[in-house]
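Asks: This is the structure I have questions about; it appears just below.
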Amino acid sequence: MKVIYTLFRGIAFILFLFLVACSTTRRLQENQYLLVSNKVKIENPAKEVSSGNLLSLVQQKPNDKFIGLFPLKLWWNGIFKNSGEKPVILDLSQIEESKDQMRKYLDNIGYFRSEIKHSIHYKKKKAKKVTYEVKLVTPYRIRQINYSIKDDSIIKLVDNYFMTSLLRSSFILNSRALDQERNRLTSILNNNGYFGFTKDYIYYEVDSALNSKQADISLIIKNMSIPSDDPTEPPLEKNHKIYYINDVFIQPNFRSFQSDTITHDTIVKTLERRGDPILNKYNIIYRPPLKIKPKVITRSMFIENDNKFNATDAKQSYKKLNELTIFKYVNINFREVKDPPKEKDDDKNYLDCVVQVTRNPVHSYSIEAQGTNSGGDLGIGGYLVYQNKNLFRGGEVFYLRLKGGMEAQEGGATTEEAKERKFLYFNTFEAGIEANLYIPKFLAPINQDIFSRYFRPKTNINLGYNWQDRLEYERVITNISFGYDWSETKFRKHQFFPIDVNVVKVATTPEFDSILAGESERFRNQYTDHLILGMRYSYIYNSQELNRVKDFTYLRWNIETSGNFLDLMVNITGAPENDEGFQTAFGIRYSQYVKSDIDIRHYFVFEKKHTIAVRGAFGLAIPYGNSIDIPFEKGFYGGGANGMRAWTLRYLGPGAYPNTNPKIERVGDVKIEANIEYRFPIFKVFKGAFFYDVGNIWLLRENETFPGGKFEINNFLSELAMDFGIGLRLDFKYFIFRVDIAQRMMDPARDVGDRWVIGKDHNWFYPVYNLGIGYPF
């Protein structure tokens, strides 16, 4: 009876949707048709022409569809007239406009006078499909390129950079490539002293009257046109001027609303060029007191006296100054020097550079609150944050965070104990302090000029102290790290921490000690004192470009090692082992291991904010020497809101462990995980997602606490966990609040042959709810 009732409800719902769909056209007038879809069909495809690019030029788009299938907004309008989204009524004039835009696009990429037709498939009151049929012509190709340049200096530059030209014989005659070549040549000239040169001085003459689908191109660079003193005479032609830098003036506390007549003090800061005895002078003009060291500003400057004007150096200076958080406004201007100083070369043209910067407030305070969901245990936390943007007058940024939190932890202790320590709803507590110092230079006793000035490293110093009071134990974690980060290029970044120290002190309760006594050594080691002294390196690649809708890739590779220096010192000093047979430093057993992991993602970005995100994550950690197992906090884990979302954090795996003790948190030595997520807009700030996760963690050796957890090359594929689900995201631009609901598909904790979850028994449906801030990846 229940099955029949459920079936009846399903049929009724489908019928309702059908009726709603039909209602979307009932208000249309005669000769009005609802536009359902557009399609571009290319009769003779070419790799240079994408149907997707042509489709994006269609002027009239059909109504938005939820996940690309259901026009929910249109259906809603069919029920309530003044809500949802009005039906898009076919407009023949916009079809013609779309064809014109396609023709212009094809002309621009070399397919001149291609043929474009259209056809419309009508069904009742709907234009089911508008098909644009494109027949490409044979494109024109470049036969030869000639240059017409009157300025010998420019001829030499063009010749020097000829190998990077975007135009070659046999290339398709593409107006976009022609324009990009103008931009390339303009950039070269701007970087070689030609201040004020624009691409308007460059133009082409094209001879396509060869009757062979070939064209000859003449690239012409005009000279400057100077009005004649005699208005009856034609303008005079002169070569473009090459400019050199005269003086650099820096105003470190510029205020645009104050008069320039205010008295200024002037500091002339002199720096020696690398490997050059000639001195480079920066004129610091300021209102006393000067609250930032002059060298902080000059270290960010790429513009130097007597060098040719270079637009890239100006942009780099602007970028580096903006990276100093003490400044909120940066402006760089150049002005021509009419009367150069006597010591300057009379045959040269000079520019003065004026740099104006406005300071941010040095001190700031903030209070942050957060909700947490750790392994299903709900909690609250907060931060009190202090920031100083100029701690030692060198542009150093200092952060101080005071942290406090409470969590409602289930299990682990008796009910009586939980009641005694309960505060409101919470029974576990955490407090800590974090300090971070960012120094905008490479802090080391070596000459910084050995590094390229385009990516000089920055220094990070971090200190932290964290106290955790759990039902089973009390833990104190102290960490210290010292390292550097630098950008190699626009997309590549490096981080290196030669010093990375973690000290973990744990005090367990007698009740928990009795539980640990029956577990494996690996599990017991998770709750013992240990010391980690190592180093780590990260390489980050991110091809995402802000404000551009395009596919991009993100990659992060990490490698770290610990304990080698301490082990060397212990061996040199001949320190004895402790009672358990391990070496110690400062009375604490130190860890030895090497660990590496990689996280690679690719984002397929489509129109209308639709995205498919794909991620692969792989990791391996190998303990050795003074360690039998990887430290708990350094191990790989599965589950949680950012990984395998149908499992709570640290409660997946390892391997085929049958989950005989569901209260034990798990970490592993090996991690394999992959995720795919389709993200789509719903309405305004509401976004949706469908996702699929697959992965697990494993151990490198057998463990009595986690039987079945060892990684075996022949078995690991059958031990991969799988889940799928749906997500709702509230995108407020500055932050994203996320709710993901996941359902298990394959559970490696079940017996072999019985790991497929869906439909196995009456209670197979057990969704897991995940709350998060930001996207999972």
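Residues in the structure tokens are named by chain (A, B, ... in the order shown) and by number from 1 within that chain; ligands are numbered from 1 in the order shown.
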Residues of segment 4-194 of chain A in helix (DSSP H, G or I) according to DSSP, as a ChimeraX atom specification?

Replies: /A:4-23,51-55,72-79,92-108,152-160,162-164,175-190

Asks: List as a PyMOL selection string the protein and nucleic acid residues near Asp306 of chain A, meaning an atom at most 8 Å away when only C-alpha atoms are counted, but skip any in the same chain fewer than 6 places from it.

Replies: chain A and resi 244-246

Asks: From a DSSP calculation on the backbone, collect every residue of segment 461-659 of chain A in strand (DSSP E) and output the set as number ranges by chain.

Replies: A: 461-469, 473-487, 492-508, 530-542, 552-562, 584-585, 588-589, 593-605, 611-623

Asks: Just give me the gap between atom CA of Asp693 of chain A and atom CA of Asp723 of chain A in Å, one decimal is fine.

Replies: 5.3 Å

Asks: Could you check which of A:Ser148, A:Arg184, A:Gln316, A:Ile713 is closest to Phe162 of chain A, using only C-alpha atoms?

Replies: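 Under the stated criterion, the closest residue is A:Arg184.
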
Asks: Residues within 9 Å of Phe512 of chain A, please, as a list in words. Count only C-alpha atoms; anything in the same chain fewer than 3 positions from it doesn't count.

Replies: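 So, after excluding close chain neighbours, the residues are Gly412, Ala413, Leu471, Glu472, Tyr473, Thr508, Thr509, Ile515, Leu516 and Ala517 of chain A.
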
Asks: Measuring between only C-alpha atoms, which one of A:Arg589, A:Arg401, A:Lys505, A:Lys458 shows the shortest distance to Gly432 of chain A?

Replies: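 Closest candidate: A:Arg401.
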
Asks: Skipping near chain neighbours, those fewer than 6 positions away, what residues fall within 6 Å of Ile736 of chain A using only C-alpha atoms, listed as number ranges by chain?

Replies: A: 730, 773-774

Asks: So, with only C-alpha atoms as the atoms that count, which of A:Met745, A:Val88, A:Ile284, A:Leu166 lies closest to Gln356 of chain A?

Replies: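 Closest residue, counting only C-alpha atoms: A:Ile284.
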
Asks: What's around segment 187-196 of chain A at 10 Å? Count only C-alpha atoms, leave out sequence neighbours fewer than 5 positions away in its own chain, and write the answer as a PyMOL selection string.

Replies: chain A and resi 154+157-158+161+181-182+240-245+307-314+334+336+349-351

Asks: Which residues come within 7 Å of segment 748-761 of chain A, counting only C-alpha atoms, excluding same-chain residues fewer than 4 positions away, as number ranges by chain?

Replies: A: 655-659, 719-721, 744

Asks: Could you save those same residues with all heavy atoms as a PDB file, in the first residue's frame?

Replies:
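Heads up, here's the output in result-v1.pdb:
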ATOM      1  N   GLY A 655      42.016   2.189   4.885  1.00  0.00           N
ATOM      2  CA  GLY A 655      41.788   1.023   4.044  1.00  0.00           C
ATOM      3  C   GLY A 655      40.428   0.402   4.258  1.00  0.00           C
ATOM      4  O   GLY A 655      39.398   1.070   4.219  1.00  0.00           O
ATOM      5  N   ALA A 656      40.435  -0.917   4.512  1.00  0.00           N
ATOM      6  CA  ALA A 656      39.189  -1.674   4.700  1.00  0.00           C
ATOM      7  C   ALA A 656      38.898  -1.916   6.176  1.00  0.00           C
ATOM      8  O   ALA A 656      38.227  -2.889   6.532  1.00  0.00           O
ATOM      9  CB  ALA A 656      39.282  -2.998   3.951  1.00  0.00           C
ATOM     10  N   TYR A 657      39.422  -1.038   7.047  1.00  0.00           N
ATOM     11  CA  TYR A 657      39.150  -1.186   8.478  1.00  0.00           C
ATOM     12  C   TYR A 657      37.640  -1.244   8.704  1.00  0.00           C
ATOM     13  O   TYR A 657      36.903  -0.364   8.261  1.00  0.00           O
ATOM     14  CB  TYR A 657      39.769  -0.013   9.234  1.00  0.00           C
ATOM     15  CG  TYR A 657      39.362   0.086  10.691  1.00  0.00           C
ATOM     16  CD1 TYR A 657      39.628  -0.956  11.576  1.00  0.00           C
ATOM     17  CD2 TYR A 657      38.711   1.221  11.166  1.00  0.00           C
ATOM     18  CE1 TYR A 657      39.251  -0.869  12.904  1.00  0.00           C
ATOM     19  CE2 TYR A 657      38.345   1.324  12.493  1.00  0.00           C
ATOM     20  CZ  TYR A 657      38.611   0.266  13.361  1.00  0.00           C
ATOM     21  OH  TYR A 657      38.238   0.355  14.679  1.00  0.00           O
ATOM     22  N   PRO A 658      37.136  -2.287   9.400  1.00  0.00           N
ATOM     23  CA  PRO A 658      35.686  -2.515   9.489  1.00  0.00           C
ATOM     24  C   PRO A 658      34.956  -1.626  10.490  1.00  0.00           C
ATOM     25  O   PRO A 658      33.790  -1.874  10.796  1.00  0.00           O
ATOM     26  CB  PRO A 658      35.599  -3.988   9.897  1.00  0.00           C
ATOM     27  CG  PRO A 658      36.874  -4.258  10.626  1.00  0.00           C
ATOM     28  CD  PRO A 658      37.913  -3.416   9.958  1.00  0.00           C
ATOM     29  N   ASN A 659      35.632  -0.609  11.003  1.00  0.00           N
ATOM     30  CA  ASN A 659      34.971   0.354  11.883  1.00  0.00           C
ATOM     31  C   ASN A 659      34.422  -0.291  13.149  1.00  0.00           C
ATOM     32  O   ASN A 659      33.323   0.016  13.606  1.00  0.00           O
ATOM     33  CB  ASN A 659      33.838   1.067  11.127  1.00  0.00           C
ATOM     34  CG  ASN A 659      33.496   2.413  11.737  1.00  0.00           C
ATOM     35  OD1 ASN A 659      34.312   3.023  12.421  1.00  0.00           O
ATOM     36  ND2 ASN A 659      32.286   2.872  11.496  1.00  0.00           N
ATOM     37  N   GLU A 719      39.055  -0.686  -2.221  1.00  0.00           N
ATOM     38  CA  GLU A 719      38.906  -0.071  -0.907  1.00  0.00           C
ATOM     39  C   GLU A 719      38.667   1.438  -0.988  1.00  0.00           C
ATOM     40  O   GLU A 719      38.727   2.141   0.016  1.00  0.00           O
ATOM     41  CB  GLU A 719      40.151  -0.353  -0.062  1.00  0.00           C
ATOM     42  CG  GLU A 719      40.329  -1.830   0.246  1.00  0.00           C
ATOM     43  CD  GLU A 719      41.671  -2.156   0.882  1.00  0.00           C
ATOM     44  OE1 GLU A 719      42.510  -1.246   1.013  1.00  0.00           O
ATOM     45  OE2 GLU A 719      41.871  -3.325   1.240  1.00  0.00           O
ATOM     46  N   LEU A 720      38.406   1.929  -2.188  1.00  0.00           N
ATOM     47  CA  LEU A 720      38.086   3.349  -2.351  1.00  0.00           C
ATOM     48  C   LEU A 720      36.654   3.618  -1.906  1.00  0.00           C
ATOM     49  O   LEU A 720      35.724   2.939  -2.336  1.00  0.00           O
ATOM     50  CB  LEU A 720      38.259   3.778  -3.803  1.00  0.00           C
ATOM     51  CG  LEU A 720      39.693   3.827  -4.333  1.00  0.00           C
ATOM     52  CD1 LEU A 720      39.692   4.072  -5.838  1.00  0.00           C
ATOM     53  CD2 LEU A 720      40.494   4.921  -3.630  1.00  0.00           C
ATOM     54  N   ALA A 721      36.481   4.601  -1.058  1.00  0.00           N
ATOM     55  CA  ALA A 721      35.141   5.036  -0.655  1.00  0.00           C
ATOM     56  C   ALA A 721      34.583   5.972  -1.720  1.00  0.00           C
ATOM     57  O   ALA A 721      35.332   6.677  -2.405  1.00  0.00           O
ATOM     58  CB  ALA A 721      35.210   5.738   0.694  1.00  0.00           C
ATOM     59  N   ARG A 744      26.585   8.087   1.058  1.00  0.00           N
ATOM     60  CA  ARG A 744      27.595   7.094   0.706  1.00  0.00           C
ATOM     61  C   ARG A 744      27.127   6.220  -0.453  1.00  0.00           C
ATOM     62  O   ARG A 744      25.957   5.828  -0.519  1.00  0.00           O
ATOM     63  CB  ARG A 744      27.911   6.218   1.912  1.00  0.00           C
ATOM     64  CG  ARG A 744      28.500   6.988   3.083  1.00  0.00           C
ATOM     65  CD  ARG A 744      28.816   6.091   4.257  1.00  0.00           C
ATOM     66  NE  ARG A 744      29.251   6.882   5.417  1.00  0.00           N
ATOM     67  CZ  ARG A 744      29.621   6.369   6.576  1.00  0.00           C
ATOM     68  NH1 ARG A 744      29.595   5.039   6.746  1.00  0.00           N
ATOM     69  NH2 ARG A 744      29.989   7.158   7.562  1.00  0.00           N
TER      70      ARG A 744
END

Asks: Provide the atom CA of Glu304 of chain A to atom CA of Leu324 of chain A distance in Å, to one decimal place.

Replies: 20.0 Å

Asks: Which residue gives the smallest distance to Asn333 of chain A among A:Asp352, A:Asp747, A:Asp669, A:Asp345, with only C-alpha atoms counted?

Replies: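 Closest candidate: A:Asp352.
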
Asks: Which residues come within 12 Å of segment 227-239 of chain A, counting only C-alpha atoms, excluding same-chain residues fewer than 4 positions away, as an MDAnalysis selection string?

Replies: chainID A and resid 149:155 194 197 201 221:223

Asks: For segment 305-419 of chain A against segment 436-447 of chain A, with a cut-off of 7 Å and counting only C-alpha atoms, what is the closest atom pair and its distance in Å to one decimal for every residue that makes the cut, ordered by chain and number, as a Markdown table?

Replies:
| residue | atom | partner | partner_atom | distance |
| --- | --- | --- | --- | --- |
| A:Gly395 | CA | A:Pro440 | CA | 6.7 |
| A:Glu396 | CA | A:Ile439 | CA | 4.7 |
| A:Val397 | CA | A:Tyr438 | CA | 5.0 |
| A:Phe398 | CA | A:Leu437 | CA | 4.6 |
| A:Tyr399 | CA | A:Asn436 | CA | 5.1 |
| A:Leu400 | CA | A:Asn436 | CA | 6.6 |

Asks: Take the residues from that selection and put them in a file with N, CA and C atoms, as a PDB file, in the first residue's frame.

Replies:
ATOM      1  N   GLY A 395      57.572  48.708   7.311  1.00  0.00           N
ATOM      2  CA  GLY A 395      56.497  48.065   6.561  1.00  0.00           C
ATOM      3  C   GLY A 395      56.185  46.678   7.057  1.00  0.00           C
ATOM      4  N   GLU A 396      56.691  46.301   8.260  1.00  0.00           N
ATOM      5  CA  GLU A 396      56.405  44.978   8.823  1.00  0.00           C
ATOM      6  C   GLU A 396      54.954  44.932   9.303  1.00  0.00           C
ATOM      7  N   VAL A 397      54.311  43.804   9.057  1.00  0.00           N
ATOM      8  CA  VAL A 397      52.923  43.614   9.487  1.00  0.00           C
ATOM      9  C   VAL A 397      52.914  42.601  10.621  1.00  0.00           C
ATOM     10  N   PHE A 398      52.357  43.009  11.746  1.00  0.00           N
ATOM     11  CA  PHE A 398      52.305  42.152  12.933  1.00  0.00           C
ATOM     12  C   PHE A 398      50.854  41.837  13.265  1.00  0.00           C
ATOM     13  N   TYR A 399      50.552  40.549  13.413  1.00  0.00           N
ATOM     14  CA  TYR A 399      49.216  40.096  13.808  1.00  0.00           C
ATOM     15  C   TYR A 399      49.313  39.437  15.182  1.00  0.00           C
ATOM     16  N   LEU A 400      48.349  39.726  16.031  1.00  0.00           N
ATOM     17  CA  LEU A 400      48.230  39.038  17.312  1.00  0.00           C
ATOM     18  C   LEU A 400      46.778  38.587  17.459  1.00  0.00           C
TER      19      LEU A 400
END

Asks: Could you please determine the separation between atom CA of Asn462 of chain A and atom CA of Gly483 of chain A in Å, to one decimal place?

Replies: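 These two atoms are separated by 8.9 Å.
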
Asks: Nearest residue to Arg679 of chain A out of A:Phe618, A:Phe691, A:Phe429, A:Tyr624, using only C-alpha atoms?

Replies: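 Smallest separation from Arg679 of chain A among the options: A:Phe691.
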